[in-house]
Structures are given as structure tokens and as C-alpha cells.
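Heads up, the thing below is written out as C-alpha cells.
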Amino acid sequence: MKRLFVLALTALLLLPVPATAGAAEPPLPYDNGPLTVSGGVFRDEHGREVVLRGFNVSGEAKLAELHGLPFASTADAASSAAAMRKLSGANAVRFLVTWAWIEPEPRKIDREYLAKVTDQIAAFTAQGIRVFVDFHQDLYSRYLFNKDSWYTGDGAPAWLVKAGAYPAESCGLCFHWGQNMKNNKAVTGAVYDFWHNREVTTAAGPIKIRDEFLYQAAETMRFLKENLSPAAFRLLLGTDPINEPYAGRYDSGQDGIAWERDLLWPFYQQFRQRMDEAGWADKAAFVEPLLFWNQNVDFFAEPGGLPAVPTLGSRYVFNAHFYDGKAQSGVLKPGMANDGEYVADFSRIRDRAQALATTGIVSEFGHPVAGNTSDKAPNILKAMYQALDSRVKGANWWTGARGSGRALSGNQWHWDLYYDRHHELMNDNPGRVRTEGDAMNDEHFSAVRLDNATPVPTVDGRLIDRVFPRATAGDTLAFTYEDRVFAAWNPIPDSMPALKRVVGAGQYGVLAWRSNGGSAPTELHLPASFDPAKITVLSDLGSHTVAPEPGEPGVNRLLLSSVDTGRAHFAVVANGSPVASGDRDAALAELKTWAGTQFP
């Protein structure tokens, strides 16, 4: 194991912003090369470790009002992509598509729908935002539900549901739409049939359900490969083969772990083969474990997490979701989320990814921003992003930074441009028009809404626009970010009084990493709330640059360059006020001592 070194105090510099010292790397355009999974992380063509952050686009694709598209037009997609960069610095989105709209009749692919999907994806790649395509479903299909049902779903087409001849749906006494997954016999039967590849009779002849899903997915991937520009296709990360998989019901003697091994994993292998055949061989399959695996509601949780599956390796990504079901219930968790609330839950995702020899991502997380438990949203979102950033709670971070590890990639649910402005006929019932919130099962998750024609956050913008390490030239040792939203969970310790004065009451981020000697710089996104005139950067490196992101002059990034190999480096970036040189020098000395202790 290589020993890590910290440069001597004489080499430590604080460089005021926006001035640049030495031969700093010039601002680079967005990297348009593919990402690969290597050594348990995403890496770009320069060998930099990449963290993906962004949103799902979007729950609108579950609805019928726009025929399964996230946006009403390519122009709306383009404006959302630009706003997403400006409001959050996002570099990746999970883009939803739905089987019902891809294959509205058996063996007939709707290429007009796929052409619109292609154009909307290209609107994001044109902004330098990477995309992975999610083949979405919830409760199997909207067509399982009667027109007066309290609930609805999305996924499979009407013709397939009709061919399945499922019983009348009913959830009984259910308080949340998710209970349909276990209590609604129409849903459980249809999902069971999917995994067991039941053959049904259709107008096109006999069709096996799971095989047909693979067919439409392959046709979609082939269409995107053929119709996206080469530059846009390079920014496609891969696919999420199926959203939130679960068994429907288990066979005799089966549990979640056995179901993953015997049914889910073979499906992923088949899907991987379709990806390769469609020209996606260099892209990853973002595979989800059993949905109930990472639940924090004990009576809903089930064993899973792919422990009986062989090592995934670099052609797959371990892709999990996390929601605080206890908090959403309004009963099981009456209080607020606290410092470190979800560190163990997100560390579990990291650990499973590591055990499977791949990297991980939390492709859905969030909390309602309106409604019964929305008062909890600021605390919960702060705690979830904290858990993405580090394995260590804020109160322990400075003394336990060596255990912080890498930041975890994640996509918040969701970015709905039409939040509170929908016109959705629930289950095609003209007497039940849904306009409020997400217009789907009474949910209110969107991170944005329209103020006139301008997207604005539905929560404190500091929660979603955060410092994060977009690309690290080497291996991350530790990262943290204190957003200062309603409380400071990560205070500077009293043992570092000069650093405490430098940071003051402002937001700050800390990155420690071991350099790989690459020529491309380490890059951190800086939130729009960071005033360029007040940004302070403390680093052991001899040069840095604060520069606008390409095409977005109102959003900045911090570039840090090093050419050595195997040495530990650190950088603190703070959104405070200009400080005296004596405090700067003293703060650097404190940081040197701290880094020498944490990363000897």
C-alpha cells in the first residue's frame, strides 16, 4: 500500500479568488468522453474519479397527459436542462421511458414516441449532462386499475394487461400506494407472471411477457444508438433495466435472496445481452436489487441486495433507492431527521456495491415537499445529501475523516417542470382530473416548480445546489459539505480556531484525495450562492482556478491541479468573507496538522 504524504507547511498556499497563481490548468470544456467503471468508481477518459449528481426526469413520464414523455416539447426539455445546471450543477439525469408508450400494440414499436424521447435526451446531452435511461414501472401498469380506483400505476401496455385477464384490483385498507405491491392481487399476479415469463395470447399471436419486455427495450436502445448524434450517444451512461423490481409473490420456499438469484439476475443477464447487441456494449447496466431490501420500515422490509449473485464487475452498477418510509408515514417517525440519520443506510449501499466489485448509485431518494409530512423535507434532504457525501456524520467528521470514503452518486426524485400544473385524467377517467403536485398517487416530490415560465426550487435552493467533487484526479479519501440550511451539522472543531474564523458562518466543503498524476484537474462544482468575491480556497497545492462552467457564466467550478502521484492533497472552499492573511496562514497550519493525522 502506498504511503500518503502531505506537503510541508512552506508549500501550503491560500490563493485569493479569482486570481490564479502559477501555471494553473485552464478551464476545460465538458468532458465528452464515455465513463467507465474501474476500481469501484466511475472514471472518465483522464482517469479522474467522477461523482454523478442530478435528478430523475421525470414522474411526468408516468402520466398519460403527455403520452409518457417527461416534457411537452424539446424546448421544455432544453430549458429544464439549462435550469438544472444553473440551479444545481447537475451532471447526470435518470431519464424515464415506459413500455406502454414504446409498444402500444403487440410487436408494433412507436417510433414517433422514440423520436421525441431521442430529442429530449439530446437536449440534456447538449448541456453536457449525462443520461441513463430508466425503463420505468410502478404497480406494473395503469391499465390494471379501474377508473374509480384510489391508485394508479405505469408500465405495461393495455393490450398485455387485457391478455393477462387479471382479477379486479383492490388494495383493501391501504394508506399508501406502495401497499398495492403486496396487497393488490391484480398487481401481485401480473408482476409474478412477468418474472415467470407467462405466455399470453394477443392479436399478434402468443407472446411471452418477459421476452416481450426485452424486445421493446432492445428496440428502444437500438433506436437511440441509430438516431442520437455520436457526441450525444457518448454521454449516455447506460440503462436501468427495470424500476423497483419485486417478486409479486414468492414460490414455495423462496425468499427475496433466492428470487434475486433465480429470476432477477438471469433477467439482468438477458438485458445485458440485449444492450450488447444494440450497440451499448461499452455502457453499464444500472441494476437494482429487490425493492424491499433497503427499507427502513421493518414490516415492509425483506432480505435482498443481491448477496447470492456473482460479482457484478465493471459492466454493471449497483443501483439502489432510498426513502424514509417511517417519516413519510407521519406516525412511525414523529420527529425530524438529525445529523447522521441516513449514514448507515447509504453506507449499506456502498458496502453492497463494493462487495459486488462495482460502484454504486442511489438513483431515487427524496421526500414530499408539500402535504402531511412536508415539514420534515429540509431535514431529510439535508441528511440524505450528507449521507451521499460521506460515511461519517457531521459531528464526527473532522476527527473521523479517514473513514469518510468516497462521495456516492445520486439522483433525487424528481424534476417535474409541470408540478402543480398537470391535467391528468387518473386512470383515463374524465371525472377525476389531477392537477396538484406530481399528479400521481397524491405525491409531491418535485424539486422544482414554475414561477411564471421560470423553474424555481420547491425547497431551499441550498439543499439541491451543493459543492460536490465532479471529477477527482486520483482517489477520494474524504469529502464533506456543510450547506448551513437551518443548522450546522458539521461545525469546525474548537481545535482549529483559525479555520473557524476563516469559514465563519458560511457554507464550506472539504475534499481530500490522493493524486494519480494526471494532467486533468480535480474539479468541484460551486453553488450559485457562492459569491465569487467572497470565496476562500485553502489548499496545499500551488495553483487553483475558480472559473465559470462552460456555457453557464453564473455557475462556477473550482479546478485544482497536481502532477505528483500518490500524495495526499486537500482543499477547503468556503463561502465567507475576506479574511486576514494571519488567519489564512494559521488555518493552513491547522489543516496541515489535521491532514497529517487523518492521512499519514
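Ordered as shown in the C-alpha cells, chains take letters A, B, and onward, while each chain numbers its residues from 1 and ligands are numbered from 1 in the order shown.
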| field | DSSP strand (DSSP E) residues within stretch 181-348 of chain A, listed as a list in words | value | Glu199, Val200, Thr201, Thr202, Gly205, Pro206, Ile207, Lys208, Leu236, Leu237, Gly238, Thr239, Asp240, Ala284, Ala285, Phe286, Val287, Tyr316, Val317, Phe318, Asn319, Ala320, His321, Phe322 and Tyr323 of chain A
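For A:Val467, the residues within 10 Å (counting only C-alpha atoms, excluding itself and residues fewer than 5 positions away along the chain) are A:Ser88, A:Gly89, A:Asp389, A:Arg462, A:Phe479, A:Thr480, A:Tyr481, A:Glu482, A:Asp483, A:Gln507, A:Tyr508, A:Gly509, A:Val510, A:Leu511, A:Leu524, A:His525, A:Leu526, A:Pro527, A:Ala528, A:Phe530, A:Arg557, A:Leu558, A:Val573, A:Ala574.
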| message | Applying 10 Å and only C-alpha atoms, which residues near A:Arg402 remain after dropping the ones on its own chain fewer than 3 positions away? List them as an MDAnalysis selection string. | response | chainID A and resid 391:392 397:399 405 477:479 512 595 597:600
Create the file for the chosen residues now, containing all heavy atoms and written as a short mmCIF file (atom, residue, chain, number, x, y, z; two decimals), in the first residue's frame.
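Here's the written file selection10.cif:
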```cif
data_model
loop_
_atom_site.label_atom_id
_atom_site.label_comp_id
_atom_site.auth_asym_id
_atom_site.auth_seq_id
_atom_site.Cartn_x
_atom_site.Cartn_y
_atom_site.Cartn_z
N ARG A 391 -19.45 8.77 4.70
CA ARG A 391 -19.86 7.70 5.60
C ARG A 391 -19.92 8.17 7.06
O ARG A 391 -20.34 7.39 7.94
CB ARG A 391 -18.86 6.54 5.53
CG ARG A 391 -18.92 5.68 4.27
CD ARG A 391 -17.84 4.62 4.34
NE ARG A 391 -17.86 3.67 3.23
CZ ARG A 391 -18.46 2.49 3.26
NH1 ARG A 391 -19.11 2.12 4.35
NH2 ARG A 391 -18.42 1.68 2.22
N VAL A 392 -19.49 9.37 7.34
CA VAL A 392 -19.33 9.84 8.71
C VAL A 392 -20.29 10.99 8.98
O VAL A 392 -20.40 11.91 8.17
CB VAL A 392 -17.87 10.29 8.96
CG1 VAL A 392 -17.69 10.78 10.40
CG2 VAL A 392 -16.90 9.16 8.66
N TRP A 397 -16.99 14.24 11.77
CA TRP A 397 -16.26 14.21 10.52
C TRP A 397 -14.80 14.63 10.67
O TRP A 397 -13.91 13.95 10.14
CB TRP A 397 -16.93 15.10 9.47
CG TRP A 397 -16.39 14.83 8.09
CD1 TRP A 397 -16.83 13.88 7.22
CD2 TRP A 397 -15.27 15.46 7.46
NE1 TRP A 397 -16.07 13.88 6.08
CE2 TRP A 397 -15.10 14.85 6.21
CE3 TRP A 397 -14.41 16.49 7.84
CZ2 TRP A 397 -14.10 15.23 5.33
CZ3 TRP A 397 -13.39 16.87 6.96
CH2 TRP A 397 -13.25 16.24 5.72
N TRP A 398 -14.53 15.70 11.36
CA TRP A 398 -13.15 16.18 11.42
C TRP A 398 -12.23 15.22 12.16
O TRP A 398 -11.05 15.09 11.80
CB TRP A 398 -13.10 17.57 12.05
CG TRP A 398 -13.60 18.63 11.12
CD1 TRP A 398 -14.86 19.15 11.05
CD2 TRP A 398 -12.85 19.25 10.08
NE1 TRP A 398 -14.95 20.06 10.04
CE2 TRP A 398 -13.73 20.16 9.41
CE3 TRP A 398 -11.54 19.16 9.62
CZ2 TRP A 398 -13.33 20.95 8.35
CZ3 TRP A 398 -11.13 19.95 8.56
CH2 TRP A 398 -12.02 20.83 7.93
N THR A 399 -12.75 14.51 13.14
CA THR A 399 -11.92 13.55 13.86
C THR A 399 -11.94 12.17 13.19
O THR A 399 -11.06 11.35 13.43
CB THR A 399 -12.38 13.40 15.32
OG1 THR A 399 -13.78 13.06 15.34
CG2 THR A 399 -12.18 14.72 16.07
N GLY A 405 -14.50 8.18 3.27
CA GLY A 405 -14.61 7.49 1.99
C GLY A 405 -15.07 8.39 0.87
O GLY A 405 -15.12 9.62 0.98
N LEU A 477 -10.22 10.50 -0.68
CA LEU A 477 -10.00 10.00 0.67
C LEU A 477 -11.15 10.40 1.60
O LEU A 477 -11.54 9.63 2.47
CB LEU A 477 -8.68 10.53 1.22
CG LEU A 477 -7.44 10.17 0.43
CD1 LEU A 477 -6.22 10.91 0.96
CD2 LEU A 477 -7.21 8.66 0.48
N ALA A 478 -11.65 11.64 1.42
CA ALA A 478 -12.71 12.14 2.28
C ALA A 478 -13.37 13.33 1.62
O ALA A 478 -12.72 14.09 0.90
CB ALA A 478 -12.17 12.53 3.65
N PHE A 479 -14.66 13.49 1.90
CA PHE A 479 -15.37 14.67 1.40
C PHE A 479 -16.49 15.01 2.37
O PHE A 479 -17.11 14.12 2.97
CB PHE A 479 -15.97 14.42 0.01
CG PHE A 479 -16.81 15.57 -0.48
CD1 PHE A 479 -16.22 16.77 -0.85
CD2 PHE A 479 -18.20 15.48 -0.53
CE1 PHE A 479 -16.98 17.85 -1.26
CE2 PHE A 479 -18.97 16.55 -0.94
CZ PHE A 479 -18.37 17.74 -1.31
N ALA A 512 -10.38 15.73 0.37
CA ALA A 512 -9.02 15.19 0.48
C ALA A 512 -8.92 14.03 -0.51
O ALA A 512 -9.85 13.23 -0.64
CB ALA A 512 -8.75 14.70 1.90
N ALA A 595 -4.52 17.02 8.37
CA ALA A 595 -4.33 16.07 7.27
C ALA A 595 -3.25 15.05 7.60
O ALA A 595 -3.37 13.87 7.26
CB ALA A 595 -3.99 16.82 5.99
N THR A 597 -2.58 13.88 10.44
CA THR A 597 -3.14 12.92 11.40
C THR A 597 -4.12 11.96 10.73
O THR A 597 -4.10 10.75 10.99
CB THR A 597 -3.86 13.67 12.53
OG1 THR A 597 -2.93 14.53 13.20
CG2 THR A 597 -4.47 12.70 13.53
N GLN A 598 -4.97 12.49 9.86
CA GLN A 598 -6.01 11.68 9.24
C GLN A 598 -5.48 10.80 8.10
O GLN A 598 -5.98 9.70 7.87
CB GLN A 598 -7.13 12.58 8.71
CG GLN A 598 -7.93 13.27 9.81
CD GLN A 598 -8.71 12.28 10.65
OE1 GLN A 598 -9.32 11.35 10.14
NE2 GLN A 598 -8.67 12.46 11.97
N PHE A 599 -4.47 11.31 7.37
CA PHE A 599 -3.99 10.59 6.19
C PHE A 599 -2.47 10.47 6.22
O PHE A 599 -1.77 10.98 5.35
CB PHE A 599 -4.44 11.32 4.91
CG PHE A 599 -5.88 11.71 4.93
CD1 PHE A 599 -6.25 13.04 4.97
CD2 PHE A 599 -6.88 10.75 4.92
CE1 PHE A 599 -7.58 13.41 5.00
CE2 PHE A 599 -8.21 11.10 4.95
CZ PHE A 599 -8.57 12.44 5.00
N PRO A 600 -1.94 9.80 7.26
CA PRO A 600 -0.47 9.70 7.39
C PRO A 600 0.14 8.78 6.33
O PRO A 600 -0.56 7.94 5.77
CB PRO A 600 -0.31 9.11 8.80
CG PRO A 600 -1.56 8.33 9.04
CD PRO A 600 -2.65 9.08 8.33
#
```
| What are the DSSP helix (DSSP H, G or I) residues of stretch 128-207 of chain A, as number ranges by chain? | A: 142-144, 158-164, 177-183, 185-195
Would you write out those residues with N, CA and C atoms, as a short mmCIF file (atom, residue, chain, number, x, y, z; two decimals), in the first residue's frame?
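File again_30.cif, as written:
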```
data_model
loop_
_atom_site.label_atom_id
_atom_site.label_comp_id
_atom_site.auth_asym_id
_atom_site.auth_seq_id
_atom_site.Cartn_x
_atom_site.Cartn_y
_atom_site.Cartn_z
N ARG A 142 -50.83 1.10 -15.36
CA ARG A 142 -52.04 1.88 -15.09
C ARG A 142 -53.30 1.12 -15.50
N TYR A 143 -53.16 0.22 -16.45
CA TYR A 143 -54.31 -0.47 -17.03
C TYR A 143 -54.83 -1.60 -16.15
N LEU A 144 -54.15 -1.87 -15.03
CA LEU A 144 -54.69 -2.81 -14.05
C LEU A 144 -55.79 -2.17 -13.21
N ALA A 158 -51.72 -1.62 -22.37
CA ALA A 158 -53.08 -2.08 -22.14
C ALA A 158 -53.34 -3.45 -22.76
N TRP A 159 -52.83 -3.68 -23.96
CA TRP A 159 -53.11 -4.94 -24.64
C TRP A 159 -52.57 -6.14 -23.87
N LEU A 160 -51.44 -5.93 -23.17
CA LEU A 160 -50.85 -7.03 -22.42
C LEU A 160 -51.63 -7.30 -21.14
N VAL A 161 -52.07 -6.23 -20.50
CA VAL A 161 -52.89 -6.41 -19.30
C VAL A 161 -54.19 -7.12 -19.65
N LYS A 162 -54.78 -6.73 -20.75
CA LYS A 162 -56.03 -7.37 -21.19
C LYS A 162 -55.80 -8.87 -21.45
N ALA A 163 -54.69 -9.18 -22.09
CA ALA A 163 -54.38 -10.58 -22.38
C ALA A 163 -54.15 -11.39 -21.11
N GLY A 164 -53.68 -10.71 -20.04
CA GLY A 164 -53.43 -11.42 -18.79
C GLY A 164 -54.67 -11.79 -18.03
N TRP A 177 -49.87 4.20 -1.59
CA TRP A 177 -49.99 3.46 -2.85
C TRP A 177 -49.05 2.26 -2.91
N GLY A 178 -47.91 2.35 -2.24
CA GLY A 178 -46.95 1.26 -2.29
C GLY A 178 -47.46 -0.04 -1.70
N GLN A 179 -48.49 0.03 -0.85
CA GLN A 179 -49.04 -1.19 -0.26
C GLN A 179 -49.69 -2.09 -1.30
N ASN A 180 -50.03 -1.53 -2.48
CA ASN A 180 -50.57 -2.35 -3.57
C ASN A 180 -49.59 -3.44 -3.99
N MET A 181 -48.30 -3.20 -3.79
CA MET A 181 -47.29 -4.18 -4.21
C MET A 181 -47.45 -5.51 -3.50
N LYS A 182 -48.04 -5.48 -2.29
CA LYS A 182 -48.20 -6.72 -1.54
C LYS A 182 -49.67 -7.09 -1.31
N ASN A 183 -50.57 -6.11 -1.40
CA ASN A 183 -51.96 -6.35 -1.01
C ASN A 183 -52.93 -6.46 -2.18
N LYS A 185 -54.13 -8.12 -5.42
CA LYS A 185 -53.89 -9.39 -6.11
C LYS A 185 -53.71 -9.20 -7.62
N ALA A 186 -54.34 -8.20 -8.20
CA ALA A 186 -54.14 -7.94 -9.62
C ALA A 186 -52.68 -7.55 -9.87
N VAL A 187 -52.13 -6.72 -9.01
CA VAL A 187 -50.74 -6.28 -9.15
C VAL A 187 -49.79 -7.45 -8.89
N THR A 188 -49.98 -8.14 -7.79
CA THR A 188 -49.06 -9.23 -7.46
C THR A 188 -49.10 -10.34 -8.51
N GLY A 189 -50.28 -10.61 -9.05
CA GLY A 189 -50.38 -11.64 -10.08
C GLY A 189 -49.70 -11.25 -11.37
N ALA A 190 -49.87 -9.99 -11.79
CA ALA A 190 -49.25 -9.53 -13.03
C ALA A 190 -47.74 -9.50 -12.90
N VAL A 191 -47.24 -9.03 -11.76
CA VAL A 191 -45.78 -8.99 -11.55
C VAL A 191 -45.22 -10.40 -11.51
N TYR A 192 -45.89 -11.31 -10.85
CA TYR A 192 -45.46 -12.71 -10.80
C TYR A 192 -45.37 -13.27 -12.22
N ASP A 193 -46.39 -13.00 -13.03
CA ASP A 193 -46.39 -13.50 -14.40
C ASP A 193 -45.22 -12.95 -15.21
N PHE A 194 -44.89 -11.69 -14.97
CA PHE A 194 -43.76 -11.10 -15.68
C PHE A 194 -42.49 -11.90 -15.41
N TRP A 195 -42.20 -12.12 -14.14
CA TRP A 195 -40.95 -12.79 -13.80
C TRP A 195 -40.93 -14.25 -14.23
#
```
List as a tab-separated table every residue of stretch 375-436 of chain A that is in contact with stretch 448-461 of chain A, defined as an atom at most 9 Å from one of its atoms (using only C-alpha atoms), together with the nearest atom pair and the distance in Å rounded to one decimal, sorted by chain and then rising number.
```
residue	atom	partner	partner_atom	distance
A:Ala377	CA	A:Val459	CA	8.0
A:Pro378	CA	A:Val459	CA	7.2
A:His414	CA	A:Val448	CA	8.3
A:Trp415	CA	A:Val448	CA	6.0
A:Asp416	CA	A:Val448	CA	6.4
A:Leu417	CA	A:Arg449	CA	5.9
A:Tyr418	CA	A:Arg449	CA	6.7
A:Tyr419	CA	A:Arg449	CA	5.4
A:Asp420	CA	A:Arg449	CA	7.5
A:Arg421	CA	A:Leu450	CA	8.6
```
Expected file contents, prior selection, N, CA, C and O atoms, as a compact mmCIF listing (two decimals), in the first residue's frame:
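Saved file out.txt follows:
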```txt
# COMPACT_ATOMS: atom_id res chain seq x y z
N ALA A 377 -39.13 17.81 5.21
CA ALA A 377 -38.33 17.74 3.99
C ALA A 377 -36.95 18.40 4.12
O ALA A 377 -35.95 17.81 3.69
N PRO A 378 -36.82 19.61 4.69
CA PRO A 378 -35.47 20.19 4.76
C PRO A 378 -34.49 19.32 5.53
O PRO A 378 -33.36 19.11 5.09
N HIS A 414 -37.86 14.27 -7.82
CA HIS A 414 -37.61 14.25 -9.22
C HIS A 414 -37.68 15.69 -9.70
O HIS A 414 -37.93 16.62 -8.90
N TRP A 415 -37.54 15.95 -11.01
CA TRP A 415 -37.59 17.29 -11.61
C TRP A 415 -38.82 17.33 -12.52
O TRP A 415 -38.79 16.91 -13.66
N ASP A 416 -39.93 17.83 -11.97
CA ASP A 416 -41.20 17.87 -12.70
C ASP A 416 -41.51 19.32 -13.07
O ASP A 416 -41.96 20.11 -12.23
N LEU A 417 -41.28 19.67 -14.31
CA LEU A 417 -41.48 21.04 -14.76
C LEU A 417 -42.93 21.48 -14.63
O LEU A 417 -43.21 22.68 -14.54
N TYR A 418 -43.85 20.52 -14.56
CA TYR A 418 -45.28 20.84 -14.56
C TYR A 418 -45.92 20.63 -13.19
O TYR A 418 -47.15 20.51 -13.08
N TYR A 419 -45.10 20.57 -12.16
CA TYR A 419 -45.58 20.38 -10.80
C TYR A 419 -46.69 21.40 -10.48
O TYR A 419 -46.54 22.60 -10.71
N ASP A 420 -47.80 20.89 -9.97
CA ASP A 420 -48.98 21.71 -9.62
C ASP A 420 -49.67 22.32 -10.83
O ASP A 420 -50.55 23.18 -10.67
N ARG A 421 -49.30 21.87 -12.05
CA ARG A 421 -49.92 22.41 -13.26
C ARG A 421 -50.36 21.30 -14.22
O ARG A 421 -50.44 21.51 -15.43
```
